[in-house]
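Structure file coords-v8.cif with mmCIF, C-alpha atoms:
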data_entry
loop_
_atom_site.label_atom_id
_atom_site.label_comp_id
_atom_site.auth_asym_id
_atom_site.auth_seq_id
_atom_site.Cartn_x
_atom_site.Cartn_y
_atom_site.Cartn_z
CA MET W 1279 -10.80 175.04 153.77
CA ASP W 1280 -12.70 172.43 151.74
CA LEU W 1281 -13.20 174.97 148.98
CA GLU W 1282 -9.51 175.86 149.06
CA VAL W 1283 -8.51 172.20 148.68
CA LYS W 1284 -10.91 171.84 145.74
CA ASN W 1285 -9.39 174.93 144.15
CA LEU W 1286 -5.91 173.48 144.68
CA ILE W 1287 -6.89 170.23 142.95
CA LYS W 1288 -8.39 172.26 140.10
CA VAL W 1289 -5.19 174.31 139.76
CA MET W 1290 -3.02 171.16 139.76
CA PHE W 1291 -5.21 169.50 137.14
CA GLN W 1292 -5.21 172.55 134.86
CA ALA W 1293 -1.45 172.97 135.23
CA SER W 1294 -0.96 169.29 134.31
CA ILE W 1295 -3.10 169.75 131.19
CA GLY W 1296 -1.03 172.79 130.16
CA LEU W 1297 2.27 170.95 130.66
CA SER W 1298 0.94 167.91 128.80
CA TYR W 1299 0.22 170.19 125.85
CA CYS W 1300 3.82 171.42 125.99
CA TYR W 1301 5.11 167.84 126.07
CA PHE W 1302 2.97 166.39 123.31
CA ILE W 1303 2.48 169.38 121.00
CA SER W 1304 4.98 172.19 121.65
CA SER W 1305 7.88 169.73 121.67
CA LYS W 1306 7.06 168.85 118.05
CA ILE W 1307 7.32 172.51 116.97
CA PRO W 1308 10.78 173.75 115.89
CA LYS W 1309 12.74 175.32 118.73
CA GLY W 1310 13.10 179.06 118.93
CA LEU W 1311 10.43 181.65 118.22
CA PRO W 1312 7.81 179.18 116.81
CA ARG W 1313 7.93 176.99 119.93
CA LEU W 1314 8.01 180.05 122.19
CA LEU W 1315 4.82 181.37 120.58
CA SER W 1316 3.15 178.00 121.15
CA ILE W 1317 4.12 178.08 124.83
CA LEU W 1318 3.20 181.70 125.60
CA PRO W 1319 -0.51 180.89 126.21
CA ILE W 1320 0.54 178.31 128.83
CA ILE W 1321 2.91 180.78 130.48
CA SER W 1322 0.09 183.34 130.62
CA PHE W 1323 -2.30 180.73 132.00
CA PHE W 1324 0.17 179.81 134.75
CA ILE W 1325 0.36 183.49 135.73
CA TYR W 1326 -3.41 183.42 136.26
CA LEU W 1327 -3.77 180.08 138.08
CA PRO W 1328 -2.47 181.07 141.58
CA LEU W 1329 -5.17 183.78 141.75
CA ASN W 1330 -7.68 180.97 142.32
CA LEU W 1331 -6.18 180.30 145.77
CA SER W 1332 -6.40 182.41 148.92
CA SER W 1333 -4.46 180.75 151.77
CA PHE W 1334 -0.84 181.83 152.13
CA HIS W 1335 0.82 178.42 151.93
CA LEU W 1336 -1.11 177.09 148.94
CA THR W 1337 -0.93 180.40 147.07
CA PHE W 1338 2.80 180.73 147.75
CA THR W 1339 3.45 177.17 146.60
CA ALA W 1340 1.37 177.52 143.43
CA ALA W 1341 2.86 180.91 142.54
CA SER W 1342 6.44 179.75 143.16
CA ASN W 1343 6.05 176.45 141.33
CA LEU W 1344 4.08 177.73 138.33
CA VAL W 1345 4.89 181.41 137.86
CA TRP W 1346 8.59 181.09 138.68
CA TYR W 1347 9.89 177.52 138.36
CA ALA W 1348 7.62 176.25 135.58
CA ASN W 1349 7.53 179.41 133.47
CA PHE W 1350 11.29 179.91 133.56
CA LYS W 1351 11.84 176.25 132.65
CA LEU W 1352 9.35 176.58 129.81
CA LEU W 1353 11.24 179.60 128.47
CA LEU W 1354 14.37 177.45 128.34
CA PHE W 1355 12.36 174.59 126.80
CA ALA W 1356 11.27 176.91 123.98
CA PHE W 1357 14.91 177.02 122.85
CA ASP W 1358 15.53 173.33 123.68
CA HIS W 1359 17.62 174.13 126.74
CA GLY W 1360 17.24 173.39 130.43
CA PRO W 1361 15.85 170.41 132.33
CA LEU W 1362 12.77 170.05 130.09
CA SER W 1363 14.76 169.65 126.88
CA LEU W 1364 13.89 166.35 125.23
CA SER W 1365 17.21 166.24 123.39
CA PRO W 1366 19.90 163.95 124.84
CA PRO W 1367 22.59 165.89 126.75
CA SER W 1368 25.87 166.38 124.93
CA SER W 1369 28.71 164.10 125.88
CA SER W 1370 30.75 167.13 126.96
CA SER W 1371 28.09 168.20 129.48
CA SER W 1372 28.69 166.37 132.73
CA SER W 1373 26.12 168.33 134.71
CA SER W 1374 23.10 167.85 132.43
CA SER W 1375 20.38 165.57 133.69
CA SER W 1376 18.69 163.00 131.48
CA PRO W 1377 15.77 164.36 129.42
CA PRO W 1378 12.22 163.59 130.61
CA THR W 1379 11.24 160.12 129.46
CA ASN W 1380 7.46 160.50 129.72
CA VAL W 1381 4.78 163.10 130.35
CA LEU W 1382 4.67 162.48 134.13
CA HIS W 1383 8.42 162.99 134.34
CA PHE W 1384 8.06 166.18 132.28
CA ILE W 1385 5.27 167.55 134.53
CA MET W 1386 7.22 166.88 137.72
CA VAL W 1387 10.45 168.45 136.48
CA ALA W 1388 8.53 171.48 135.17
CA SER W 1389 6.29 172.21 138.13
CA LEU W 1390 8.31 171.13 141.17
CA PRO W 1391 11.36 172.81 142.74
CA ILE W 1392 13.63 169.90 141.82
CA LYS W 1393 16.64 169.23 139.68
CA MET W 1394 17.35 165.66 138.67
CA LYS W 1395 20.85 164.39 139.34
CA PRO W 1396 22.94 163.63 136.26
CA TYR W 1397 23.23 159.89 135.73
CA HIS W 1398 26.80 158.60 135.44
CA PRO W 1399 26.80 154.78 135.15
CA SER W 1400 30.54 154.63 135.72
CA HIS W 1401 30.11 156.41 139.06
CA GLN W 1402 27.17 154.37 140.27
CA LYS W 1403 29.19 151.58 141.87
CA THR W 1404 31.54 154.03 143.58
CA LYS W 1405 28.57 155.98 144.88
CA ASN W 1406 26.95 152.90 146.39
CA ASN W 1407 30.18 151.89 148.09
CA ASN W 1408 30.75 155.36 149.50
CA THR W 1409 27.24 155.82 150.87
CA THR W 1410 27.44 154.99 154.55
CA TYR W 1411 24.87 154.46 157.24
CA LEU W 1412 26.67 157.13 159.26
CA GLU W 1413 25.93 159.81 156.64
CA SER W 1414 22.26 158.84 156.56
CA PHE W 1415 22.12 158.81 160.35
CA LEU W 1416 23.70 162.26 160.64
CA LYS W 1417 21.31 163.69 158.04
CA GLY W 1418 18.42 162.21 159.97
CA VAL W 1419 19.65 163.70 163.24
CA LEU W 1420 20.07 167.10 161.59
CA PHE W 1421 16.55 166.92 160.15
CA VAL W 1422 15.07 166.04 163.56
CA PHE W 1423 17.01 168.92 165.14
CA LYS W 1424 15.64 171.37 162.56
CA LEU W 1425 12.13 170.04 163.09
CA LEU W 1426 12.44 170.49 166.86
CA LEU W 1427 13.83 173.99 166.33
CA PHE W 1428 10.82 174.81 164.13
CA VAL W 1429 8.49 173.60 166.90
CA VAL W 1430 10.35 175.81 169.39
CA VAL W 1431 9.92 178.81 167.06
CA LEU W 1432 6.17 178.15 166.79
CA LYS W 1433 5.88 177.79 170.57
CA ALA W 1434 7.79 181.05 171.07
CA TYR W 1435 5.21 182.93 168.97
CA LYS W 1436 2.68 182.45 171.76
CA TYR W 1437 4.86 184.67 173.98
CA LYS W 1438 5.69 187.16 171.24
CA GLN W 1439 4.21 190.12 173.13
CA TYR W 1440 6.79 189.59 175.89
CA LEU W 1441 9.78 189.35 173.56
CA HIS W 1442 12.04 192.11 172.29
CA ASP W 1443 11.55 193.13 168.66
CA TYR W 1444 15.03 191.86 167.76
CA VAL W 1445 14.19 188.44 169.21
CA VAL W 1446 10.93 188.33 167.25
CA MET W 1447 12.77 189.25 164.05
CA SER W 1448 15.28 186.48 164.74
CA LEU W 1449 12.36 184.06 165.08
CA TYR W 1450 11.00 185.24 161.72
CA CYS W 1451 14.40 184.64 160.08
CA CYS W 1452 14.61 181.10 161.48
CA HIS W 1453 10.99 180.50 160.51
CA VAL W 1454 11.49 181.57 156.88
CA TYR W 1455 14.56 179.37 156.47
CA LEU W 1456 13.13 176.28 158.15
CA GLU W 1457 9.69 176.42 156.57
CA LEU W 1458 11.08 177.13 153.12
CA GLU W 1459 13.47 174.19 153.37
CA PHE W 1460 10.72 171.89 154.67
CA SER W 1461 8.17 172.99 152.07
CA ILE W 1462 10.57 172.57 149.16
CA ALA W 1463 11.62 169.16 150.48
CA ILE W 1464 7.96 168.13 150.75
CA SER W 1465 7.36 169.30 147.17
CA ALA W 1466 10.08 166.88 146.05
CA ILE W 1467 8.45 163.83 147.68
CA PRO W 1468 6.56 162.75 144.50
CA ALA W 1469 9.81 162.64 142.54
CA ARG W 1470 11.61 160.72 145.29
CA PHE W 1471 8.65 158.34 145.63
CA LEU W 1472 8.97 157.44 141.94
CA GLY W 1473 12.66 156.68 142.41
CA PHE W 1474 14.22 159.80 140.90
CA GLU W 1475 17.44 161.08 142.41
CA ILE W 1476 17.40 164.86 142.85
CA GLU W 1477 19.98 167.48 143.68
CA PRO W 1478 20.06 169.00 147.20
CA GLN W 1479 17.69 171.96 147.47
CA PHE W 1480 19.47 173.66 150.39
CA ASN W 1481 23.03 173.20 151.59
CA GLU W 1482 23.08 174.37 155.20
CA PRO W 1483 23.18 178.14 154.44
CA TYR W 1484 24.06 178.99 158.06
CA LEU W 1485 27.54 177.55 157.32
CA ALA W 1486 28.23 180.05 154.52
CA THR W 1487 31.57 181.83 154.72
CA SER W 1488 30.74 184.60 152.21
CA LEU W 1489 27.81 186.12 150.35
CA GLN W 1490 28.95 184.29 147.23
CA ASP W 1491 28.90 181.03 149.18
CA PHE W 1492 25.50 181.82 150.72
CA TRP W 1493 23.60 182.86 147.58
CA GLY W 1494 25.45 180.75 145.02
CA ARG W 1495 26.08 177.43 146.76
CA ARG W 1496 23.81 177.11 149.79
CA TRP W 1497 20.52 179.07 149.71
CA ASN W 1498 17.59 177.74 147.63
CA LEU W 1499 19.70 176.06 144.98
CA MET W 1500 16.65 175.50 142.78
CA ILE W 1501 16.40 179.24 142.18
CA VAL W 1502 20.13 179.38 141.48
CA GLY W 1503 19.70 176.57 138.96
CA ILE W 1504 16.90 178.47 137.19
CA LEU W 1505 18.42 181.97 137.15
CA ARG W 1506 21.83 180.85 135.95
CA PRO W 1507 20.70 179.54 132.51
CA THR W 1508 17.86 182.05 132.03
CA VAL W 1509 19.60 185.26 133.11
CA TYR W 1510 23.28 184.91 134.00
CA GLU W 1511 24.60 182.82 131.11
CA PRO W 1512 22.78 184.66 128.26
CA LEU W 1513 23.90 188.04 129.59
CA LYS W 1514 27.45 186.82 130.09
CA TYR W 1515 27.45 185.69 126.46
CA ILE W 1516 26.38 189.24 125.46
CA PHE W 1517 28.67 191.22 127.77
CA THR W 1518 31.88 189.18 127.44
CA PRO W 1519 32.78 190.39 123.90
CA ILE W 1520 32.02 193.98 124.96
CA ILE W 1521 33.76 194.37 128.33
CA GLY W 1522 35.68 191.12 128.72
CA GLN W 1523 35.01 187.95 130.66
CA GLU W 1524 36.29 189.26 133.98
CA LEU W 1525 34.14 192.40 134.05
CA ALA W 1526 31.09 190.69 132.52
CA VAL W 1527 30.47 188.92 135.83
CA PHE W 1528 29.41 192.14 137.54
CA PRO W 1529 26.41 193.23 135.40
CA CYS W 1530 25.34 189.58 135.15
CA VAL W 1531 25.27 189.21 138.94
CA MET W 1532 23.30 192.46 139.29
CA ALA W 1533 20.83 191.28 136.65
CA VAL W 1534 20.30 187.95 138.42
CA PHE W 1535 19.52 189.63 141.74
CA THR W 1536 17.29 192.21 140.06
CA VAL W 1537 15.22 189.48 138.38
CA SER W 1538 15.09 187.59 141.69
CA GLY W 1539 13.86 190.74 143.44
CA LEU W 1540 11.18 191.31 140.81
CA MET W 1541 10.00 187.70 141.11
CA HIS W 1542 9.80 188.05 144.90
CA GLU W 1543 7.63 191.13 144.38
CA VAL W 1544 5.39 189.08 142.06
CA ILE W 1545 5.10 186.21 144.54
CA PHE W 1546 4.31 188.65 147.35
CA TYR W 1547 1.52 190.15 145.25
CA TYR W 1548 -0.09 186.71 144.95
CA VAL W 1549 -0.03 186.07 148.70
CA SER W 1550 -1.05 189.59 149.77
CA ARG W 1551 -2.99 190.96 146.75
CA THR W 1552 -1.49 194.41 147.45
CA PRO W 1553 0.44 196.72 145.10
CA PRO W 1554 4.22 196.32 145.20
CA THR W 1555 6.29 198.60 147.40
CA TRP W 1556 9.58 197.48 145.76
CA GLU W 1557 11.25 196.91 149.13
CA GLN W 1558 11.97 193.29 148.29
CA LEU W 1559 13.40 194.33 144.93
CA TRP W 1560 15.76 196.76 146.67
CA TYR W 1561 16.69 194.07 149.18
CA PHE W 1562 17.94 191.79 146.41
CA VAL W 1563 19.56 194.67 144.50
CA LEU W 1564 21.48 195.44 147.70
CA GLN W 1565 22.52 191.79 148.03
CA GLY W 1566 23.70 191.79 144.42
CA ALA W 1567 25.65 195.03 144.83
CA CYS W 1568 27.38 193.76 147.97
CA LEU W 1569 28.15 190.46 146.24
CA VAL W 1570 29.72 192.36 143.31
CA VAL W 1571 31.91 194.28 145.78
CA GLU W 1572 32.85 191.02 147.52
CA ILE W 1573 33.85 189.38 144.21
CA ALA W 1574 35.95 192.42 143.26
CA VAL W 1575 37.70 192.48 146.65
CA LYS W 1576 38.41 188.75 146.45
CA LYS W 1577 40.08 189.23 143.07
CA LYS W 1578 42.20 192.09 144.42
CA VAL W 1579 43.47 190.20 147.47
CA ALA W 1580 43.67 186.75 145.87
CA ASP W 1581 47.41 187.05 145.23
CA ARG W 1582 48.15 188.34 148.71
CA HIS W 1583 47.10 185.14 150.49
CA TRP W 1584 44.98 187.21 152.85
CA ARG W 1585 41.81 185.67 154.22
CA LEU W 1586 39.49 186.23 157.17
CA GLN W 1587 39.51 183.57 159.85
CA ARG W 1588 36.49 181.25 159.66
CA VAL W 1589 35.42 182.22 163.16
CA VAL W 1590 34.90 185.73 161.73
CA SER W 1591 33.85 185.00 158.15
CA ARG W 1592 31.28 182.31 158.96
CA PRO W 1593 28.71 184.40 160.89
CA LEU W 1594 29.13 187.55 158.76
CA PRO W 1595 27.08 186.49 155.68
CA VAL W 1596 24.13 185.18 157.70
CA VAL W 1597 24.14 188.24 159.98
CA PHE W 1598 24.28 190.56 156.97
CA VAL W 1599 21.45 188.75 155.16
CA ALA W 1600 19.31 188.75 158.32
CA VAL W 1601 19.95 192.38 159.31
CA THR W 1602 19.28 193.72 155.81
CA GLY W 1603 16.24 191.44 155.68
CA ALA W 1604 14.89 193.04 158.84
CA TRP W 1605 15.42 196.42 157.19
CA LEU W 1606 14.02 195.77 153.70
CA PHE W 1607 12.53 192.28 153.35
CA PHE W 1608 10.28 191.76 156.38
CA PRO W 1609 8.62 195.18 156.90
CA VAL W 1610 6.16 194.70 154.04
CA PHE W 1611 5.22 191.29 155.47
CA LEU W 1612 4.52 192.90 158.83
CA ARG W 1613 2.55 195.87 157.46
CA HIS W 1614 0.16 193.55 155.63
CA ASN W 1615 -0.01 190.99 158.48
CA VAL W 1616 1.35 188.28 156.22
CA MET W 1617 3.48 186.73 158.96
CA GLU W 1618 0.40 186.58 161.19
CA ARG W 1619 -1.46 184.71 158.43
CA VAL W 1620 1.43 182.29 158.07
CA ILE W 1621 1.54 181.60 161.80
CA ASP W 1622 -2.25 181.27 162.10
CA GLU W 1623 -2.37 178.77 159.24
CA LEU W 1624 0.37 176.70 160.84
CA PHE W 1625 -1.46 176.59 164.17
CA ILE W 1626 -4.64 175.54 162.34
CA LEU W 1627 -2.65 172.75 160.68
CA VAL W 1628 -1.19 171.65 164.02
CA ASP W 1629 -4.65 171.55 165.61
CA PHE W 1630 -5.99 169.54 162.66
CA ILE W 1631 -3.17 167.00 163.03
CA LYS W 1632 -3.77 166.72 166.78
CA ASN W 1633 -7.52 166.21 166.37
CA ASN W 1634 -7.59 163.98 163.30
CA VAL W 1635 -4.27 162.20 162.98
CA ILE W 1636 -2.67 161.71 166.38
#

Will you turn the file into structure tokens for me?
Amino acid sequence: MDLEVKNLIKVMFQASIGLSYCYFISSKIPKGLPRLLSILPIISFFIYLPLNLSSFHLTFTAASNLVWYANFKLLLFAFDHGPLSLSPPSSSSSSSSSPPTNVLHFIMVASLPIKMKPYHPSHQKTKNNNTTYLESFLKGVLFVFKLLLFVVVLKAYKYKQYLHDYVVMSLYCCHVYLELEFSIAISAIPARFLGFEIEPQFNEPYLATSLQDFWGRRWNLMIVGILRPTVYEPLKYIFTPIIGQELAVFPCVMAVFTVSGLMHEVIFYYVSRTPPTWEQLWYFVLQGACLVVEIAVKKKVADRHWRLQRVVSRPLPVVFVAVTGAWLFFPVFLRHNVMERVIDELFILVDFIKNNVI
């Protein structure tokens, strides 16, 4: 474990050096192909860095933050777009965050799963007046509830041999959601500590009323924020003149989910070091295809004022995502004992906290 921590520090230091180069040198190179060529060595280096780690949690974090978040943001930066752009946002863009003001700001935005909130001075006073203690209290209660639920899931693993396979799979689904939300929130602590306001990273996905709501507005919004400008918007710009704005949505959605599936295959390679089986790719292709069908159906019935009752529509997306996940997403984790590694590492962490902290 000591060696793994040293390797993590080495990876963080090397990544910071690479991003500093992008901030001080690549930013001075004209945007477009020249800047992209100057950044490509850093992108390639980031692809290599997670291979220096071996534990699941540290490898997963490094691969997600560097190979996915950072590299995709750097691709946007090459064309002076995205959250790393040093150019002031246009007055017509209300959703653009302020450009990084220093190298530390640049490194955090590039390498962490965060999106800075746009600063609107005219809204600041209203925001302060509308922020209530009740909202903070309810968020705190919800966080404590999720933490207790995560503890219950970990405790239930000790009796896994007595549980039905469907119950175990349900535990895995809860585990993935809770740990991913916690880990991404923990990754954002440095930015919050320095006083930056960041966008929500999850938005209670279990309350989704449709697949579009689940994947587009509630689940891992940092990925949504990266794939929209890097995949969806460029392809929509290409397809709209060819097939029209209404139909262009469909290939763009499929492309987004295909890229997401490929990146999940890449991340899984880092944590398992096994050749891809493409099951995770097909899982996301299936999600994209079903989302395309859902969008088309919504457009057809929009004028008929027909809508499923919330008591029916609310559980359907989560059940669909979980059931298809049990079919396509989780089997490769189970075949390579990845879930066992995850659970074992968490129990080691719990024992360390008990023996050295509490």

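Summary of the local environment: counting only C-alpha atoms, residues at most 8 Å from segment 1560-1576 of chain W, other than itself and those fewer than 6 positions away along its chain, are Leu1489, Gln1490, Phe1528, Val1531, Met1532, Val1534, Phe1535, Thr1536, Ser1538, Gly1539, Val1599, Thr1602, Gly1603, Leu1606 and Phe1607 of chain W.
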
For the structure provided, state which residues fall under the PyMOL selection byres ((chain W and resi 1436) around 12), and present them as an mmCIF file with C-alpha atoms, in the frame of the given file.
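Produced file part.cif, reproduced below:
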data_model
loop_
_atom_site.group_PDB
_atom_site.id
_atom_site.type_symbol
_atom_site.label_atom_id
_atom_site.label_comp_id
_atom_site.auth_asym_id
_atom_site.auth_seq_id
_atom_site.Cartn_x
_atom_site.Cartn_y
_atom_site.Cartn_z
ATOM 1 C CA VAL W 1429 8.490 173.600 166.900
ATOM 2 C CA VAL W 1430 10.350 175.810 169.390
ATOM 3 C CA VAL W 1431 9.920 178.810 167.060
ATOM 4 C CA LEU W 1432 6.170 178.150 166.790
ATOM 5 C CA LYS W 1433 5.880 177.790 170.570
ATOM 6 C CA ALA W 1434 7.790 181.050 171.070
ATOM 7 C CA TYR W 1435 5.210 182.930 168.970
ATOM 8 C CA TYR W 1437 4.860 184.670 173.980
ATOM 9 C CA LYS W 1438 5.690 187.160 171.240
ATOM 10 C CA GLN W 1439 4.210 190.120 173.130
ATOM 11 C CA TYR W 1440 6.790 189.590 175.890
ATOM 12 C CA LEU W 1441 9.780 189.350 173.560
ATOM 13 C CA VAL W 1446 10.930 188.330 167.250
ATOM 14 C CA LEU W 1449 12.360 184.060 165.080
ATOM 15 C CA GLU W 1618 0.400 186.580 161.190
ATOM 16 C CA ILE W 1621 1.540 181.600 161.800
ATOM 17 C CA ASP W 1622 -2.250 181.270 162.100
ATOM 18 C CA PHE W 1625 -1.460 176.590 164.170
#

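From atom CA of Thr1552 of chain W back to atom CA of Asn1330 of chain W, the distance works out to 15.7 Å.
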
> Excluding same-chain residues fewer than 2 positions from segment 1349-1364 of chain W, what lies within 10 Å of it counting only C-alpha atoms, as a ChimeraX atom specification?
Replying inline: /W:1297,1300-1301,1304-1305,1307-1318,1320-1322,1324-1325,1342-1347,1366-1367,1374-1380,1383-1389,1392-1394,1503-1505,1507-1509

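Going from atom CA of Ile1631 of chain W over to atom CA of Ala1341 of chain W, you cover 25.5 Å.
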
Would you please take segment 1420-1439 of chain W of the structure in the block above and write C-alpha atoms to a file as a tab-separated table (two decimals), in the first residue's frame?
chain	number	residue	atom	x	y	z
W	1420	LEU	CA	-30.05	12.95	2.53
W	1421	PHE	CA	-26.26	12.59	2.55
W	1422	VAL	CA	-26.32	10.86	5.94
W	1423	PHE	CA	-29.07	8.53	4.70
W	1424	LYS	CA	-27.02	7.59	1.64
W	1425	LEU	CA	-23.96	7.02	3.81
W	1426	LEU	CA	-25.92	4.74	6.14
W	1427	LEU	CA	-27.34	2.89	3.12
W	1428	PHE	CA	-23.79	2.38	1.82
W	1429	VAL	CA	-22.78	0.94	5.20
W	1430	VAL	CA	-25.78	-1.42	5.06
W	1431	VAL	CA	-24.72	-2.56	1.57
W	1432	LEU	CA	-21.19	-3.28	2.80
W	1433	LYS	CA	-22.53	-5.18	5.82
W	1434	ALA	CA	-24.83	-7.22	3.57
W	1435	TYR	CA	-21.83	-8.43	1.53
W	1436	LYS	CA	-20.72	-10.51	4.52
W	1437	TYR	CA	-23.89	-12.60	4.09
W	1438	LYS	CA	-23.73	-12.69	0.29
W	1439	GLN	CA	-23.57	-16.49	0.13
